[in-house]
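Chemist: Below you'll find upload27.cif; it's mmCIF, C-alpha atoms (C1' of nucleotides).
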data_my_file
#
loop_
_atom_site.label_atom_id
_atom_site.label_comp_id
_atom_site.auth_asym_id
_atom_site.auth_seq_id
_atom_site.Cartn_x
_atom_site.Cartn_y
_atom_site.Cartn_z
CA MET A 1381 65.94 5.31 -99.81
CA HIS A 1382 66.43 1.57 -100.20
CA PRO A 1383 64.04 -0.95 -101.72
CA PRO A 1384 62.61 -3.56 -99.31
CA MET A 1385 64.98 -6.31 -98.39
CA ALA A 1386 64.24 -10.02 -98.60
CA LYS A 1387 64.76 -10.53 -94.88
CA ASP A 1388 64.42 -8.37 -91.81
CA PRO A 1389 67.96 -7.14 -91.16
CA ILE A 1390 67.26 -6.70 -87.47
CA ALA A 1391 66.13 -10.30 -87.11
CA GLU A 1392 69.40 -11.27 -88.81
CA VAL A 1393 71.38 -9.29 -86.26
CA GLN A 1394 69.51 -11.02 -83.46
CA LYS A 1395 70.48 -14.40 -84.92
CA ASN A 1396 74.10 -13.30 -85.11
CA TRP A 1397 74.04 -12.34 -81.45
CA GLN A 1398 72.61 -15.70 -80.48
CA ARG A 1399 75.06 -17.56 -82.67
CA HIS A 1400 77.86 -15.88 -80.71
CA GLY A 1401 76.40 -17.09 -77.43
CA TRP A 1402 75.11 -13.73 -76.22
CA VAL A 1403 71.70 -15.18 -75.56
CA SER A 1404 70.48 -12.75 -72.95
CA ALA A 1405 71.56 -9.69 -74.92
CA ALA A 1406 70.22 -10.81 -78.30
CA ALA A 1407 66.55 -9.88 -77.94
CA PRO A 1408 67.07 -6.52 -76.23
CA ALA A 1409 69.76 -5.65 -78.77
CA ALA A 1410 67.16 -6.22 -81.47
CA THR A 1411 64.71 -4.06 -79.54
CA VAL A 1412 67.15 -1.18 -79.32
CA THR A 1413 67.93 -1.38 -83.02
CA ALA A 1414 64.24 -1.62 -83.90
CA ILE A 1415 63.40 1.44 -81.81
CA MET A 1416 66.09 3.44 -83.55
CA ARG A 1417 64.91 2.36 -86.96
CA THR A 1418 61.27 3.06 -86.13
CA GLN A 1419 62.16 6.52 -84.94
CA GLN A 1420 64.03 7.12 -88.19
CA ILE A 1421 61.00 6.07 -90.26
CA LEU A 1422 58.53 8.16 -88.26
CA LEU A 1423 60.78 11.20 -88.25
CA GLY A 1424 61.25 10.89 -92.01
CA ARG A 1425 57.50 10.80 -92.56
CA ALA A 1426 56.97 13.81 -90.34
CA GLN A 1427 59.64 15.83 -92.12
CA GLU A 1428 58.12 14.96 -95.48
CA ILE A 1429 54.71 16.13 -94.33
CA LEU A 1430 56.11 19.35 -92.83
CA LYS A 1431 58.22 20.28 -95.85
CA PRO A 1432 55.46 22.37 -97.50
CA PHE A 1433 55.30 24.46 -94.32
CA ASP A 1434 59.04 25.02 -94.38
CA LEU A 1435 59.22 23.36 -91.01
CA THR A 1436 61.28 20.56 -89.55
CA PHE A 1437 59.88 18.34 -86.82
CA ALA A 1438 62.14 19.98 -84.25
CA ARG A 1439 60.81 23.41 -85.11
CA TYR A 1440 57.24 22.14 -85.35
CA GLU A 1441 57.51 20.85 -81.81
CA VAL A 1442 58.43 24.31 -80.54
CA ILE A 1443 55.57 26.19 -82.18
CA SER A 1444 53.15 23.39 -81.40
CA LEU A 1445 54.11 23.60 -77.75
CA LEU A 1446 53.58 27.35 -77.75
CA SER A 1447 50.28 27.09 -79.56
CA PHE A 1448 48.97 24.69 -76.91
CA SER A 1449 50.05 26.94 -74.06
CA ARG A 1450 47.45 29.19 -72.55
CA GLU A 1451 49.27 32.45 -73.24
CA LYS A 1452 50.94 31.41 -76.51
CA ARG A 1453 54.22 32.26 -74.79
CA MET A 1454 56.74 30.47 -72.61
CA PRO A 1455 60.31 30.94 -71.30
CA MET A 1456 62.95 29.10 -73.29
CA ASN A 1457 64.08 26.98 -70.38
CA LYS A 1458 60.55 25.71 -69.89
CA ALA A 1459 60.32 24.75 -73.55
CA SER A 1460 63.63 22.96 -73.22
CA GLN A 1461 62.33 20.98 -70.23
CA LEU A 1462 58.98 20.09 -71.76
CA LEU A 1463 60.48 19.00 -75.06
CA GLN A 1464 63.31 17.26 -73.21
CA VAL A 1465 66.09 18.54 -75.40
CA HIS A 1466 69.29 20.41 -74.67
CA PRO A 1467 68.88 24.19 -74.20
CA THR A 1468 71.12 24.85 -77.19
CA SER A 1469 68.73 22.91 -79.39
CA ILE A 1470 65.98 25.33 -78.48
CA THR A 1471 68.25 28.29 -79.18
CA ASN A 1472 68.98 26.80 -82.59
CA ALA A 1473 65.33 26.13 -83.43
CA VAL A 1474 64.21 29.54 -82.21
CA ASP A 1475 66.86 31.31 -84.30
CA ARG A 1476 65.27 29.81 -87.39
CA LEU A 1477 61.68 30.23 -86.27
CA GLU A 1478 62.38 33.86 -85.51
CA ALA A 1479 63.97 34.36 -88.93
CA ALA A 1480 60.83 32.85 -90.47
CA GLY A 1481 58.65 35.20 -88.45
CA LEU A 1482 56.82 32.48 -86.54
CA VAL A 1483 58.16 33.29 -83.11
CA GLU A 1484 59.52 36.34 -81.28
CA ARG A 1485 61.96 36.65 -78.42
CA GLN A 1486 60.73 38.99 -75.70
CA PRO A 1487 62.28 39.98 -72.38
CA HIS A 1488 60.94 38.28 -69.30
CA ASP A 1489 59.16 40.62 -66.89
CA SER A 1490 60.78 39.59 -63.66
CA ASP A 1491 63.90 37.60 -64.61
CA ARG A 1492 66.34 39.37 -66.86
CA ARG A 1493 68.24 36.16 -67.58
CA ALA A 1494 65.20 34.54 -69.15
CA ILE A 1495 63.70 35.05 -72.59
CA LEU A 1496 60.06 34.64 -73.44
CA LEU A 1497 59.12 32.91 -76.66
CA VAL A 1498 56.01 34.41 -78.18
CA LEU A 1499 54.09 32.92 -81.07
CA THR A 1500 53.27 35.43 -83.79
CA GLN A 1501 49.93 35.41 -85.59
CA GLU A 1502 51.62 33.75 -88.54
CA GLY A 1503 53.22 31.23 -86.18
CA LYS A 1504 49.84 30.43 -84.69
CA ARG A 1505 48.35 29.91 -88.14
CA ILE A 1506 51.17 27.67 -89.31
CA ALA A 1507 51.17 25.64 -86.11
CA GLU A 1508 47.46 24.95 -86.43
CA GLN A 1509 47.67 24.02 -90.10
CA ALA A 1510 50.69 21.78 -89.61
CA THR A 1511 49.05 20.03 -86.67
CA GLU A 1512 45.97 19.37 -88.78
CA VAL A 1513 48.00 17.76 -91.55
CA LEU A 1514 50.18 15.77 -89.16
CA ASN A 1515 47.06 14.43 -87.49
CA THR A 1516 45.47 13.17 -90.67
CA GLU A 1517 48.58 12.08 -92.54
CA LEU A 1518 50.83 10.78 -89.78
CA PHE A 1519 49.16 10.13 -86.46
CA GLU A 1520 45.93 8.68 -87.83
CA GLN A 1521 47.87 6.40 -90.16
CA THR A 1522 50.88 5.23 -88.23
CA GLY A 1523 50.18 1.64 -89.18
CA PHE A 1524 49.94 0.63 -85.52
CA THR A 1525 46.72 -0.99 -84.35
CA THR A 1526 44.81 0.53 -81.44
CA GLU A 1527 46.02 -2.29 -79.25
CA GLU A 1528 49.64 -1.83 -80.31
CA ILE A 1529 49.41 1.86 -79.52
CA GLU A 1530 48.13 1.10 -76.05
CA ASP A 1531 50.90 -1.41 -75.49
CA LEU A 1532 53.57 0.95 -76.76
CA ASN A 1533 52.35 3.88 -74.70
CA ARG A 1534 52.29 1.78 -71.55
CA ILE A 1535 55.68 0.11 -72.12
CA LEU A 1536 57.46 3.27 -73.18
CA ALA A 1537 56.00 5.34 -70.35
CA ASN A 1538 57.35 2.80 -67.88
CA PHE A 1539 60.70 2.92 -69.57
CA ARG A 1540 60.87 6.69 -69.55
CA GLU A 1541 59.88 6.81 -65.93
CA ARG A 1542 62.61 4.33 -64.98
CA ALA A 1543 65.05 6.34 -67.09
CA GLY A 1544 64.36 9.39 -64.93
CA ASP A 1545 62.23 11.46 -67.29
CA PHE A 1546 59.57 11.96 -64.66
CA THR A 1547 58.29 10.68 -61.35
CA ARG A 1548 54.86 9.42 -60.54
CA MET B 18 70.40 16.83 -68.77
CA HIS B 19 67.22 17.77 -66.97
CA PRO B 20 66.07 16.59 -63.55
CA PRO B 21 62.93 14.39 -63.51
CA MET B 22 59.69 16.27 -64.00
CA ALA B 23 56.65 16.03 -61.76
CA LYS B 24 54.45 14.76 -64.59
CA ASP B 25 55.01 12.84 -67.79
CA PRO B 26 55.25 15.56 -70.44
CA ILE B 27 54.08 13.16 -73.13
CA ALA B 28 50.94 12.29 -71.22
CA GLU B 29 50.32 16.03 -70.95
CA VAL B 30 50.61 16.41 -74.70
CA GLN B 31 48.12 13.60 -75.17
CA LYS B 32 45.64 15.40 -72.89
CA ASN B 33 46.13 18.60 -74.91
CA TRP B 34 45.33 16.75 -78.11
CA GLN B 35 42.17 15.30 -76.61
CA ARG B 36 41.12 18.64 -75.19
CA HIS B 37 41.26 20.03 -78.71
CA GLY B 38 38.97 17.31 -79.99
CA TRP B 39 41.57 15.33 -81.92
CA VAL B 40 40.57 12.15 -80.20
CA SER B 41 41.73 9.64 -82.76
CA ALA B 42 45.15 11.28 -83.19
CA ALA B 43 45.89 11.77 -79.50
CA ALA B 44 47.13 8.32 -78.56
CA PRO B 45 49.24 7.70 -81.67
CA ALA B 46 50.71 11.19 -81.36
CA ALA B 47 51.84 10.22 -77.88
CA THR B 48 53.27 6.99 -79.27
CA VAL B 49 55.31 8.80 -81.88
CA THR B 50 56.67 11.23 -79.33
CA ALA B 51 57.44 8.42 -76.89
CA ILE B 52 59.34 6.46 -79.53
CA MET B 53 61.45 9.49 -80.37
CA ARG B 54 62.20 10.16 -76.73
CA THR B 55 63.04 6.50 -76.06
CA GLN B 56 65.41 6.47 -79.00
CA GLN B 57 67.09 9.58 -77.65
CA ILE B 58 67.58 7.98 -74.23
CA LEU B 59 68.94 4.71 -75.63
CA LEU B 60 71.23 6.45 -78.08
CA GLY B 61 72.57 8.64 -75.29
CA ARG B 62 73.35 5.62 -73.15
CA ALA B 63 75.09 3.87 -76.02
CA GLN B 64 77.22 6.91 -76.82
CA GLU B 65 78.22 7.22 -73.18
CA ILE B 66 79.30 3.59 -73.07
CA LEU B 67 81.22 3.87 -76.35
CA LYS B 68 83.05 7.07 -75.45
CA PRO B 69 86.08 5.25 -73.93
CA PHE B 70 86.51 3.44 -77.26
CA ASP B 71 86.44 6.73 -79.15
CA LEU B 72 83.43 5.43 -81.02
CA THR B 73 79.99 6.80 -81.74
CA PHE B 74 77.03 4.47 -82.14
CA ALA B 75 76.97 5.09 -85.89
CA ARG B 76 80.59 4.04 -86.22
CA TYR B 77 80.13 1.12 -83.85
CA GLU B 78 77.36 -0.20 -86.05
CA VAL B 79 79.68 -0.27 -89.05
CA ILE B 80 82.51 -2.18 -87.40
CA SER B 81 80.09 -4.45 -85.58
CA LEU B 82 78.47 -5.34 -88.89
CA LEU B 83 81.84 -6.11 -90.42
CA SER B 84 82.96 -8.14 -87.44
CA PHE B 85 79.85 -10.33 -87.74
CA SER B 86 80.37 -10.92 -91.43
CA ARG B 87 82.07 -14.10 -92.50
CA GLU B 88 84.96 -12.44 -94.32
CA LYS B 89 85.26 -9.36 -92.09
CA ARG B 90 84.70 -7.36 -95.26
CA MET B 91 81.77 -6.00 -97.21
CA PRO B 92 81.02 -3.52 -100.02
CA MET B 93 79.89 -0.12 -98.84
CA ASN B 94 76.53 -0.33 -100.55
CA LYS B 95 75.75 -3.55 -98.73
CA ALA B 96 76.62 -1.96 -95.41
CA SER B 97 74.37 0.95 -96.31
CA GLN B 98 71.49 -1.43 -97.07
CA LEU B 99 71.92 -3.58 -93.99
CA LEU B 100 72.21 -0.62 -91.64
CA GLN B 101 69.42 1.14 -93.53
CA VAL B 102 71.08 4.51 -93.67
CA HIS B 103 71.90 6.84 -96.53
CA PRO B 104 75.09 5.96 -98.44
CA THR B 105 76.66 9.27 -97.49
CA SER B 106 76.33 8.35 -93.84
CA ILE B 107 78.47 5.30 -94.46
CA THR B 108 81.02 7.39 -96.32
CA ASN B 109 81.17 9.74 -93.37
CA ALA B 110 81.52 6.98 -90.78
CA VAL B 111 84.14 5.14 -92.81
CA ASP B 112 86.21 8.29 -93.25
CA ARG B 113 86.53 8.49 -89.49
CA LEU B 114 86.97 4.77 -88.91
CA GLU B 115 89.70 4.73 -91.52
CA ALA B 116 91.43 7.68 -89.88
CA ALA B 117 91.30 5.78 -86.59
CA GLY B 118 92.80 2.70 -88.24
CA LEU B 119 89.82 0.44 -87.60
CA VAL B 120 88.77 -0.08 -91.19
CA GLU B 121 90.41 0.01 -94.63
CA ARG B 122 88.98 0.79 -98.04
CA GLN B 123 90.01 -1.78 -100.64
CA PRO B 124 89.15 -2.06 -104.31
CA HIS B 125 86.47 -4.54 -105.27
CA ASP B 126 87.69 -7.45 -107.41
CA SER B 127 85.06 -7.41 -110.11
CA ASP B 128 83.31 -4.04 -109.82
CA ARG B 129 85.55 -1.02 -110.02
CA ARG B 130 82.78 1.29 -108.84
CA ALA B 131 82.48 -0.52 -105.54
CA ILE B 132 84.69 -0.27 -102.48
CA LEU B 133 85.27 -3.06 -99.99
CA LEU B 134 85.36 -2.22 -96.33
CA VAL B 135 87.87 -4.36 -94.50
CA LEU B 136 88.16 -4.59 -90.74
CA THR B 137 91.72 -4.21 -89.48
CA GLN B 138 93.05 -6.30 -86.59
CA GLU B 139 92.65 -3.30 -84.34
CA GLY B 140 89.14 -2.80 -85.67
CA LYS B 141 88.28 -6.40 -84.89
CA ARG B 142 89.61 -6.04 -81.35
CA ILE B 143 87.73 -2.81 -80.69
CA ALA B 144 84.50 -4.15 -82.17
CA GLU B 145 84.64 -7.20 -79.93
CA GLN B 146 85.44 -5.21 -76.81
CA ALA B 147 82.77 -2.61 -77.49
CA THR B 148 80.18 -5.30 -78.15
CA GLU B 149 81.03 -6.95 -74.86
CA VAL B 150 80.54 -3.74 -72.92
CA LEU B 151 77.37 -2.78 -74.76
CA ASN B 152 75.95 -6.22 -74.00
CA THR B 153 76.53 -6.01 -70.28
CA GLU B 154 75.90 -2.31 -69.76
CA LEU B 155 73.16 -1.54 -72.24
CA PHE B 156 71.36 -4.52 -73.71
CA GLU B 157 71.22 -6.60 -70.53
CA GLN B 158 69.97 -3.61 -68.56
CA THR B 159 67.57 -1.79 -70.82
CA GLY B 160 64.96 -1.68 -68.10
CA PHE B 161 62.47 -3.55 -70.29
CA THR B 162 61.03 -6.80 -68.97
CA THR B 163 61.37 -9.96 -71.04
CA GLU B 164 57.74 -9.71 -71.94
CA GLU B 165 58.01 -6.07 -72.96
CA ILE B 166 60.94 -6.93 -75.19
CA GLU B 167 58.92 -9.64 -76.91
CA ASP B 168 56.02 -7.25 -77.40
CA LEU B 169 58.23 -4.49 -78.74
CA ASN B 170 60.08 -6.77 -81.13
CA ARG B 171 56.82 -8.13 -82.51
CA ILE B 172 55.07 -4.77 -82.80
CA LEU B 173 58.04 -2.94 -84.30
CA ALA B 174 58.83 -5.72 -86.76
CA ASN B 175 55.25 -5.51 -88.05
CA PHE B 176 55.57 -1.76 -88.32
CA ARG B 177 58.86 -1.91 -90.18
CA GLU B 178 57.49 -4.49 -92.56
CA ARG B 179 54.46 -2.35 -93.33
CA ALA B 180 56.77 0.63 -93.77
CA GLY B 181 58.60 -1.25 -96.52
CA ASP B 182 61.82 -2.15 -94.75
CA PHE B 183 61.53 -5.78 -95.80
CA THR B 184 59.11 -8.36 -97.15
CA ARG B 185 58.19 -11.68 -95.68
"C1'" DT C 495 75.74 43.68 -47.44
"C1'" DA C 496 78.83 41.35 -50.17
"C1'" DC C 497 79.93 37.03 -52.09
"C1'" DC C 498 79.42 32.77 -54.27
"C1'" DA C 499 76.82 29.13 -56.20
"C1'" DA C 500 73.14 28.22 -59.28
"C1'" DC C 501 70.64 29.43 -63.32
"C1'" DT C 502 69.53 31.28 -68.36
"C1'" DA C 503 70.82 31.76 -72.74
"C1'" DT C 504 74.34 31.78 -76.36
"C1'" DA C 505 78.70 30.88 -79.14
"C1'" DG C 506 81.63 27.52 -81.11
"C1'" DG C 507 82.75 22.78 -82.11
"C1'" DA C 508 82.11 17.78 -83.10
"C1'" DC C 509 79.15 14.58 -85.04
"C1'" DT C 510 75.18 12.57 -87.55
"C1'" DT C 511 71.62 12.53 -91.07
"C1'" DC C 512 69.78 13.63 -95.37
"C1'" DC C 513 69.69 15.81 -100.04
"C1'" DA C 514 71.49 17.28 -104.59
"C1'" DA C 515 74.95 17.09 -107.83
"C1'" DG C 516 78.99 15.11 -109.95
"C1'" DT C 517 82.35 11.31 -111.50
"C1'" DA C 518 83.29 6.85 -112.81
"C1'" DT C 519 81.91 2.34 -113.98
"C1'" DA C 520 78.35 -1.34 -115.43
"C1'" DT C 521 74.57 -2.91 -117.78
"C1'" DT C 522 70.89 -2.97 -121.01
"C1'" DC C 523 68.92 -2.58 -125.35
"C1'" DG C 524 67.96 -0.64 -129.98
"C1'" DC D 1184 78.35 -1.81 -131.12
"C1'" DG D 1185 77.19 2.32 -129.02
"C1'" DA D 1186 73.92 5.21 -126.55
"C1'" DA D 1187 71.05 5.55 -122.71
"C1'" DT D 1188 70.19 4.20 -118.18
"C1'" DA D 1189 71.43 2.56 -113.74
"C1'" DT D 1190 74.65 1.91 -109.91
"C1'" DA D 1191 78.53 3.07 -106.46
"C1'" DC D 1192 80.67 6.40 -104.16
"C1'" DT D 1193 82.11 11.21 -102.92
"C1'" DT D 1194 81.61 16.21 -102.18
"C1'" DG D 1195 79.38 20.14 -100.35
"C1'" DG D 1196 75.62 21.99 -97.81
"C1'" DA D 1197 71.66 22.37 -94.55
"C1'" DA D 1198 69.90 21.03 -90.29
"C1'" DG D 1199 69.62 18.63 -85.93
"C1'" DT D 1200 71.78 16.88 -81.41
"C1'" DC D 1201 74.89 17.31 -77.68
"C1'" DC D 1202 79.01 19.25 -75.17
"C1'" DT D 1203 81.98 22.83 -73.15
"C1'" DA D 1204 82.74 27.34 -71.99
"C1'" DT D 1205 81.20 32.06 -71.14
"C1'" DA D 1206 78.49 36.38 -69.88
"C1'" DG D 1207 75.00 38.14 -67.27
"C1'" DT D 1208 71.45 37.53 -63.37
"C1'" DT D 1209 69.57 35.92 -59.30
"C1'" DG D 1210 69.24 34.55 -54.66
"C1'" DG D 1211 70.75 32.41 -50.45
"C1'" DT D 1212 73.95 32.98 -46.76
"C1'" DA D 1213 78.08 34.14 -44.17
#
Rewrite the structure from the file as structure tokens, please.

Modeler:
Amino acid sequence: MHPPMAKDPIAEVQKNWQRHGWVSAAAPAATVTAIMRTQQILLGRAQEILKPFDLTFARYEVISLLSFSREKRMPMNKASQLLQVHPTSITNAVDRLEAAGLVERQPHDSDRRAILLVLTQEGKRIAEQATEVLNTELFEQTGFTTEEIEDLNRILANFRERAGDFTR
Amino acid sequence: MHPPMAKDPIAEVQKNWQRHGWVSAAAPAATVTAIMRTQQILLGRAQEILKPFDLTFARYEVISLLSFSREKRMPMNKASQLLQVHPTSITNAVDRLEAAGLVERQPHDSDRRAILLVLTQEGKRIAEQATEVLNTELFEQTGFTTEEIEDLNRILANFRERAGDFTR
DNA sequence: TACCAACTATAGGACTTCCAAGTATATTCG
DNA sequence: CGAATATACTTGGAAGTCCTATAGTTGGTA
């Protein structure tokens, strides 16, 4: 979108913060900005890779989740919890996945409020293919070293736990 | 949005990946997911804090950038580059900031294609207040340790450099 | 048993992001 | 100099996120 800049803009922001005397906030402010930017870059790469499958990352996450589940099916509220997004985001994604024939909505046996998401054959195929390509073109080439990945996974898991994502 | 879960859902995904034999992709896949989730949590906190100012984080970034600039003004394309977002995102944010009276569009002296963003007095006040609150309520309480912040800043700066954000 | 609180999914709305296309202005170069 | 190319911004559209409110179900309890 933009060519590389001469200086790291986030480092510049950190200097600004320090120059204004907000010493203790400067470094974490840079961290927050860097996390947001990193997410943007990774998401962009994923979307690019998924484009040939007519998938977005949000929709990929849904069919990937289903394809990993034992029964290839799952209630919507469980998908919402596992993917940690708002229930309406699942509704939105499923509307499109259903239109594309990758997923079906089926009634739940015992709870008439709930809806079961079921992966179609086509959905299973696409999920497996997309996972394959994401593995080789994104996850195996993130640009992080093995050590960095370990550090990130440890640090971010602690953060998410403290933020109330899960208990241990 | 959701109560804490019994297990870390991202760690579960990592196990799934390994169970399917994608050993080398498992850990980085967890990293990517963790970064996205962390961004979501931090963004949510920021939006919550900014709500009383009638600001979103995207709009805060624009007025914060202006308020740190020497002249309290800047061409739109420069703001787009520094914030590393698509030009249309700046247009969108500025439309709303202008409607709220925090920013004005002014013609550029020498380039009639360009538009100067100028912070109003009110915009300057709001930017300073919002920064103050974000500092105390978000950046000084991220939940990261000092060491984790150093690690993250180093690791993510390397990543962003390799991704072409800037050169050194 | 009858009621009420909690839960499941959806509709509608606000906001953000990106992309593609279009307009106007600058710049470069034959 | 004038044509071609590049740059700056806007418009319209697709998609995602979250929120609030609502309809239907469920399940505990008075």

Chemist: I would like the residues chosen by the PyMOL selection byres ((chain A and resi 1502-1504) around 8) on the shown file; could you give them as a PDB file with C-alpha atoms, keeping the file's coordinate frame?

Modeler:
ATOM      1  CA  ILE A1443      55.570  26.190 -82.180  1.00  0.00           C
ATOM      2  CA  SER A1447      50.280  27.090 -79.560  1.00  0.00           C
ATOM      3  CA  GLY A1481      58.650  35.200 -88.450  1.00  0.00           C
ATOM      4  CA  LEU A1482      56.820  32.480 -86.540  1.00  0.00           C
ATOM      5  CA  VAL A1483      58.160  33.290 -83.110  1.00  0.00           C
ATOM      6  CA  LEU A1499      54.090  32.920 -81.070  1.00  0.00           C
ATOM      7  CA  THR A1500      53.270  35.430 -83.790  1.00  0.00           C
ATOM      8  CA  GLN A1501      49.930  35.410 -85.590  1.00  0.00           C
ATOM      9  CA  ARG A1505      48.350  29.910 -88.140  1.00  0.00           C
ATOM     10  CA  ILE A1506      51.170  27.670 -89.310  1.00  0.00           C
ATOM     11  CA  ALA A1507      51.170  25.640 -86.110  1.00  0.00           C
ATOM     12  CA  GLU A1508      47.460  24.950 -86.430  1.00  0.00           C
TER      13      GLU A1508
END

Chemist: Could you give me, as a list in words, the residues within 6 Å of region 53-59 of chain B, counting only C-alpha atoms (C1' of nucleotides) and dropping anything in the same chain fewer than 2 positions from it?

Modeler: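 My reading of the contact set: Met1416 and Gln1419 of chain A; Thr50, Ala51, Gly61 and Arg62 of chain B.
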
Chemist: Identify all chain C residues at most 12 Å from chain A by counting only C-alpha atoms (C1' of nucleotides); ligands do not count. Present them as a PyMOL selection string.

Modeler: chain C and resi 501-506+511-513

Chemist: Set out as JSON lines a contact list for chain D and chain B with a cut-off of 12 Å, giving each residue of chain D that qualifies its closest atom pair and distance in Å to one decimal, counting all atoms listed in the file, ordered by chain and rising residue number.

Modeler:
{"residue": "D:DT1190", "atom": "C1'", "partner": "B:Arg130", "partner_atom": "CA", "distance": 8.2}
{"residue": "D:DA1191", "atom": "C1'", "partner": "B:Arg130", "partner_atom": "CA", "distance": 5.2}
{"residue": "D:DC1192", "atom": "C1'", "partner": "B:Arg130", "partner_atom": "CA", "distance": 7.2}
{"residue": "D:DT1193", "atom": "C1'", "partner": "B:Thr108", "partner_atom": "CA", "distance": 7.7}
{"residue": "D:DT1194", "atom": "C1'", "partner": "B:Thr105", "partner_atom": "CA", "distance": 9.7}
{"residue": "D:DG1195", "atom": "C1'", "partner": "B:Thr105", "partner_atom": "CA", "distance": 11.6}
{"residue": "D:DT1200", "atom": "C1'", "partner": "B:Gln57", "partner_atom": "CA", "distance": 9.5}
{"residue": "D:DC1201", "atom": "C1'", "partner": "B:Gly61", "partner_atom": "CA", "distance": 9.3}
{"residue": "D:DC1202", "atom": "C1'", "partner": "B:Met18", "partner_atom": "CA", "distance": 11.0}

Chemist: Take the residues from that selection and put them in a file with C-alpha atoms (C1' of nucleotides), as a PDB file, in the coordinates of the input.

Modeler:
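Output below, filename selection_0.pdb:
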ATOM      1  C1'  DT D1190      74.650   1.910-109.910  1.00  0.00           C
ATOM      2  C1'  DA D1191      78.530   3.070-106.460  1.00  0.00           C
ATOM      3  C1'  DC D1192      80.670   6.400-104.160  1.00  0.00           C
ATOM      4  C1'  DT D1193      82.110  11.210-102.920  1.00  0.00           C
ATOM      5  C1'  DT D1194      81.610  16.210-102.180  1.00  0.00           C
ATOM      6  C1'  DG D1195      79.380  20.140-100.350  1.00  0.00           C
ATOM      7  C1'  DT D1200      71.780  16.880 -81.410  1.00  0.00           C
ATOM      8  C1'  DC D1201      74.890  17.310 -77.680  1.00  0.00           C
ATOM      9  C1'  DC D1202      79.010  19.250 -75.170  1.00  0.00           C
TER      10       DC D1202
END

Chemist: So how far away is CA of Asn170 (chain B) from CA of Leu1536 (chain A), in Å?

Modeler: 13.1 Å

Chemist: So which residues touch Arg90 (chain B) within 7 Å, counting all atoms listed in the file, skipping near sequence neighbours fewer than 5 positions away, as a list of chain:residue names?

Modeler: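 That gives B:Leu83, B:Leu133, B:Leu134, B:Val135, B:Leu136.
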
Chemist: Which residues match the PyMOL selection byres ((chain D and resi 1210) around 12) in the file above, as a list in words?

Modeler: Asp1491 of chain A; DC497, DC498, DA499, DA500 and DC501 of chain C; DT1208, DT1209, DG1211 and DT1212 of chain D

Chemist: What does the distance from C1' of DA508 (chain C) to CA of Ala110 (chain B) come to in Å, to one decimal?

Modeler: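 That distance, rounded to one decimal, is 13.3 Å.
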